[in-house]
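Enquirer: Questions regarding the structure given below will be posed in turn.
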Amino acid sequence: MATVDTAAFAAPHPPPVHTRPTTPLLQRPAGRGVPEQPQPAATLIGSVQRAMRLLESVARHHGGAPAKQLARETGLALPTAYHLLRTLVHEGYLRRDKGMFFLGEAAERLGGSGAAQKRRSTVVTTLAHWRDAIGVPVYYARYQDGEIEVMCVSDTPGNPAVEEWADFRETGHAHAIGQCLLAQLDETSRRDHLDRYPVRSITPYTVRDDHTLLRRLARMRRMETVVERQEYALGTVCAAIPITMGTTAATMAISLSAHQADRLPTAVQQLQSEIGRMLGSLAVSISI
């Protein structure tokens, strides 16, 4: 059984930035003998470029750097550097302590967001690879802040994912993803979840009551694959593989049409093999 130990997903990709020419806020009236002096867009762009150079220079000095050194490294006049540094401090991109400048919280958030996007991209690419290699839809989900969250799904028109016709968060007792996540929780957390989302019939095959579900979960071994047959959606069978993420419950899952149920064991073995093969590269990325 393959397990993945990771750190704690994902921020969405930022929208593209569109630039447009700027026009002066104030223009002198024509015909007064004074020529107009419109401010070119390059003036503002140049200021941004200089500010970015200062940020890059500060980032190279983990112990901070004084304004004079930053001005020298970026080739800026000291008054210009001071002005931009004060602005960056005011906006939270830098902080000043005893005459030294350090990256501020706003800059660190940008860095963290970029890293999160890179990790998310790695997970999306990995799931797409598994989808194509095994020929089934692949799901990644985790239990987060008391909720079942499906973080990423990779499918194709020829092999579509299960339609979420009943909220996955409210029907964890009925699908393999939810059962796999609940099986990784302690008994108190399971009962808390079921108090908020009681067992209810979804299909004729759905578990009937909390007591029956809890007994089933208690019998499962810690890292046992969970198989569910038409409990959430008629005509569909699913399997979920538990993934260890420190103290966070997580799972990778697959689904098949019921008439392909005989493929499920082989597909599960393939997914387990893929997880084990890509363990190293995936371990630091699986946190969308």
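Each chain in the structure tokens gets a letter, A, B, ..., in the order shown, and its residues are numbered from 1; ligands are numbered from 1 in order too.
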Among stretch 53-100 of chain A, which residues does DSSP mark as strand (DSSP E or B) when it is run on the backbone? Keep the chain and numbering as in the structure and answer as a VMD selection string.
Expert: chain A and resid 65 94 to 97 100
Enquirer: Sorted by chain and rising residue number, which residues of stretch 89-206 of chain A lie within 6 Å of stretch 228-251 of chain A, and what are their closest atom pairs and distances in Å to one decimal, counting only C-alpha atoms, as a tab-separated table?
Expert:
```
residue	atom	partner	partner_atom	distance
A:Tyr140	CA	A:Thr251	CA	5.9
A:Ala141	CA	A:Thr251	CA	5.4
A:Arg142	CA	A:Ala250	CA	3.9
A:Tyr143	CA	A:Ala249	CA	5.4
A:Ala174	CA	A:Tyr232	CA	5.0
A:His175	CA	A:Tyr232	CA	5.2
A:Ala176	CA	A:Glu228	CA	5.2
A:Ile177	CA	A:Ala240	CA	5.6
A:Leu181	CA	A:Ala249	CA	5.7
A:Gln184	CA	A:Ala249	CA	5.9
A:Ile202	CA	A:Tyr232	CA	6.0
A:Thr203	CA	A:Glu231	CA	5.8
A:Tyr205	CA	A:Glu231	CA	4.8
A:Thr206	CA	A:Glu231	CA	4.4
```
Enquirer: List the neighbours of A:Ala183 out to 8 Å using only C-alpha atoms; skip same-chain residues closer than 3 positions along the sequence, and give me the result as a PyMOL selection string.
Expert: chain A and resi 179-180+186+190+217-218+220+222
Enquirer: Deliver the residues from the most recent selection as a file, using all heavy atoms, as a PDB file, in the first residue's frame.
Expert:
```
ATOM      1  N   GLN A 179     -15.942   7.834   2.772  1.00  0.00           N
ATOM      2  CA  GLN A 179     -15.691   6.725   3.694  1.00  0.00           C
ATOM      3  C   GLN A 179     -14.204   6.576   3.992  1.00  0.00           C
ATOM      4  O   GLN A 179     -13.812   6.294   5.126  1.00  0.00           O
ATOM      5  CB  GLN A 179     -16.251   5.431   3.103  1.00  0.00           C
ATOM      6  CG  GLN A 179     -17.780   5.408   3.017  1.00  0.00           C
ATOM      7  CD  GLN A 179     -18.290   4.146   2.366  1.00  0.00           C
ATOM      8  OE1 GLN A 179     -17.665   3.087   2.426  1.00  0.00           O
ATOM      9  NE2 GLN A 179     -19.450   4.234   1.722  1.00  0.00           N
ATOM     10  N   CYS A 180     -13.366   6.773   2.969  1.00  0.00           N
ATOM     11  CA  CYS A 180     -11.925   6.665   3.169  1.00  0.00           C
ATOM     12  C   CYS A 180     -11.422   7.764   4.105  1.00  0.00           C
ATOM     13  O   CYS A 180     -10.595   7.500   4.987  1.00  0.00           O
ATOM     14  CB  CYS A 180     -11.218   6.765   1.819  1.00  0.00           C
ATOM     15  SG  CYS A 180      -9.436   6.512   1.900  1.00  0.00           S
ATOM     16  N   ASP A 186     -10.411   9.976  14.065  1.00  0.00           N
ATOM     17  CA  ASP A 186     -10.681   9.282  15.320  1.00  0.00           C
ATOM     18  C   ASP A 186     -12.191   9.199  15.536  1.00  0.00           C
ATOM     19  O   ASP A 186     -12.977   9.860  14.831  1.00  0.00           O
ATOM     20  CB  ASP A 186     -10.001   9.978  16.499  1.00  0.00           C
ATOM     21  CG  ASP A 186     -10.408  11.435  16.638  1.00  0.00           C
ATOM     22  OD1 ASP A 186     -11.633  11.729  16.636  1.00  0.00           O
ATOM     23  OD2 ASP A 186      -9.518  12.298  16.753  1.00  0.00           O
ATOM     24  N   ARG A 190     -15.327  11.388  13.825  1.00  0.00           N
ATOM     25  CA  ARG A 190     -16.334  10.735  12.976  1.00  0.00           C
ATOM     26  C   ARG A 190     -17.747  11.060  13.460  1.00  0.00           C
ATOM     27  O   ARG A 190     -18.631  11.417  12.672  1.00  0.00           O
ATOM     28  CB  ARG A 190     -16.132   9.226  12.989  1.00  0.00           C
ATOM     29  CG  ARG A 190     -14.932   8.716  12.264  1.00  0.00           C
ATOM     30  CD  ARG A 190     -14.841   7.210  12.437  1.00  0.00           C
ATOM     31  NE  ARG A 190     -13.516   6.705  12.087  1.00  0.00           N
ATOM     32  CZ  ARG A 190     -13.061   5.509  12.431  1.00  0.00           C
ATOM     33  NH1 ARG A 190     -13.831   4.681  13.140  1.00  0.00           N
ATOM     34  NH2 ARG A 190     -11.856   5.121  12.079  1.00  0.00           N
ATOM     35  N   LEU A 217     -16.552   1.356   9.384  1.00  0.00           N
ATOM     36  CA  LEU A 217     -15.313   2.140   9.442  1.00  0.00           C
ATOM     37  C   LEU A 217     -14.349   1.590  10.493  1.00  0.00           C
ATOM     38  O   LEU A 217     -13.133   1.564  10.287  1.00  0.00           O
ATOM     39  CB  LEU A 217     -15.638   3.606   9.749  1.00  0.00           C
ATOM     40  CG  LEU A 217     -16.474   4.344   8.696  1.00  0.00           C
ATOM     41  CD1 LEU A 217     -16.779   5.756   9.164  1.00  0.00           C
ATOM     42  CD2 LEU A 217     -15.761   4.375   7.341  1.00  0.00           C
ATOM     43  N   ALA A 218     -14.899   1.153  11.623  1.00  0.00           N
ATOM     44  CA  ALA A 218     -14.055   0.625  12.695  1.00  0.00           C
ATOM     45  C   ALA A 218     -13.339  -0.656  12.278  1.00  0.00           C
ATOM     46  O   ALA A 218     -12.254  -0.972  12.780  1.00  0.00           O
ATOM     47  CB  ALA A 218     -14.894   0.378  13.946  1.00  0.00           C
ATOM     48  N   MET A 220     -12.174  -1.278   9.308  1.00  0.00           N
ATOM     49  CA  MET A 220     -11.173  -1.019   8.271  1.00  0.00           C
ATOM     50  C   MET A 220      -9.785  -0.874   8.888  1.00  0.00           C
ATOM     51  O   MET A 220      -9.619  -0.241   9.919  1.00  0.00           O
ATOM     52  CB  MET A 220     -11.517   0.269   7.512  1.00  0.00           C
ATOM     53  CG  MET A 220     -12.732   0.165   6.630  1.00  0.00           C
ATOM     54  SD  MET A 220     -13.011   1.708   5.728  1.00  0.00           S
ATOM     55  CE  MET A 220     -14.573   1.337   4.920  1.00  0.00           C
ATOM     56  N   ARG A 222      -5.993   0.671   8.947  1.00  0.00           N
ATOM     57  CA  ARG A 222      -5.651   2.092   8.856  1.00  0.00           C
ATOM     58  C   ARG A 222      -5.439   2.559   7.419  1.00  0.00           C
ATOM     59  O   ARG A 222      -5.906   3.625   7.038  1.00  0.00           O
ATOM     60  CB  ARG A 222      -4.396   2.379   9.694  1.00  0.00           C
ATOM     61  CG  ARG A 222      -3.988   3.844   9.689  1.00  0.00           C
ATOM     62  CD  ARG A 222      -2.826   4.106  10.642  1.00  0.00           C
ATOM     63  NE  ARG A 222      -2.401   5.494  10.573  1.00  0.00           N
ATOM     64  CZ  ARG A 222      -1.487   5.944   9.722  1.00  0.00           C
ATOM     65  NH1 ARG A 222      -0.896   5.096   8.899  1.00  0.00           N
ATOM     66  NH2 ARG A 222      -1.146   7.221   9.700  1.00  0.00           N
TER      67      ARG A 222
END
```
Enquirer: Which residues in stretch 57-267 of chain A does DSSP call helix (DSSP H, G or I)? List them as a PyMOL selection string.
Expert: chain A and resi 57-59+67-74+78-90+105-134+176-183+187-196+210-219+258-267
Enquirer: For stretch 154-169 of chain A, find every residue with an atom within 7 Å (counting only C-alpha atoms), except residues of its own chain fewer than 4 positions away, and show them as a list in words.
Expert: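 That gives Leu127, Ala128, Arg131, Val136, Pro137, Val138, Tyr139, Glu147, Ile148 and Glu149 of chain A.
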Enquirer: Per residue of stretch 92-198 of chain A within 8 Å of stretch 47-68 of chain A, which atom pair is closest and at what distance in Å (one decimal), using only C-alpha atoms, listed by chain and increasing number, as a tab-separated table?
Expert:
```
residue	atom	partner	partner_atom	distance
A:Tyr93	CA	A:Leu55	CA	8.0
A:Leu94	CA	A:Leu55	CA	7.8
A:Gly99	CA	A:Pro66	CA	5.9
A:Met100	CA	A:Pro66	CA	4.6
A:Phe101	CA	A:Gly64	CA	5.1
A:Phe102	CA	A:Gly64	CA	4.9
A:Leu103	CA	A:Ala59	CA	6.4
```
Enquirer: So that I have them on file, write out the residues from the current selection with N, CA and C atoms, as a PDB file, in the first residue's frame.
Expert:
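See selection_32.pdb below for the written result:
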```pdb
ATOM      1  N   TYR A  93       5.130  45.760   1.290  1.00  0.00           N
ATOM      2  CA  TYR A  93       6.022  44.875   0.544  1.00  0.00           C
ATOM      3  C   TYR A  93       7.408  44.814   1.170  1.00  0.00           C
ATOM      4  N   LEU A  94       7.760  45.836   1.937  1.00  0.00           N
ATOM      5  CA  LEU A  94       8.990  45.839   2.697  1.00  0.00           C
ATOM      6  C   LEU A  94       8.679  46.237   4.133  1.00  0.00           C
ATOM      7  N   GLY A  99      17.006  50.787  10.434  1.00  0.00           N
ATOM      8  CA  GLY A  99      17.683  51.248   9.232  1.00  0.00           C
ATOM      9  C   GLY A  99      17.898  50.190   8.175  1.00  0.00           C
ATOM     10  N   MET A 100      17.484  48.972   8.435  1.00  0.00           N
ATOM     11  CA  MET A 100      17.641  47.877   7.479  1.00  0.00           C
ATOM     12  C   MET A 100      16.283  47.546   6.869  1.00  0.00           C
ATOM     13  N   PHE A 101      16.303  47.171   5.584  1.00  0.00           N
ATOM     14  CA  PHE A 101      15.059  46.835   4.889  1.00  0.00           C
ATOM     15  C   PHE A 101      14.981  45.327   4.655  1.00  0.00           C
ATOM     16  N   PHE A 102      13.784  44.779   4.936  1.00  0.00           N
ATOM     17  CA  PHE A 102      13.512  43.353   4.784  1.00  0.00           C
ATOM     18  C   PHE A 102      12.234  43.192   3.962  1.00  0.00           C
ATOM     19  N   LEU A 103      12.037  41.993   3.383  1.00  0.00           N
ATOM     20  CA  LEU A 103      10.771  41.718   2.701  1.00  0.00           C
ATOM     21  C   LEU A 103       9.624  41.781   3.712  1.00  0.00           C
TER      22      LEU A 103
END
```
Enquirer: Work out how far atom CA of A:Asp262 is from atom CA of A:Thr125, in Å to one decimal.
Expert: 27.3 Å
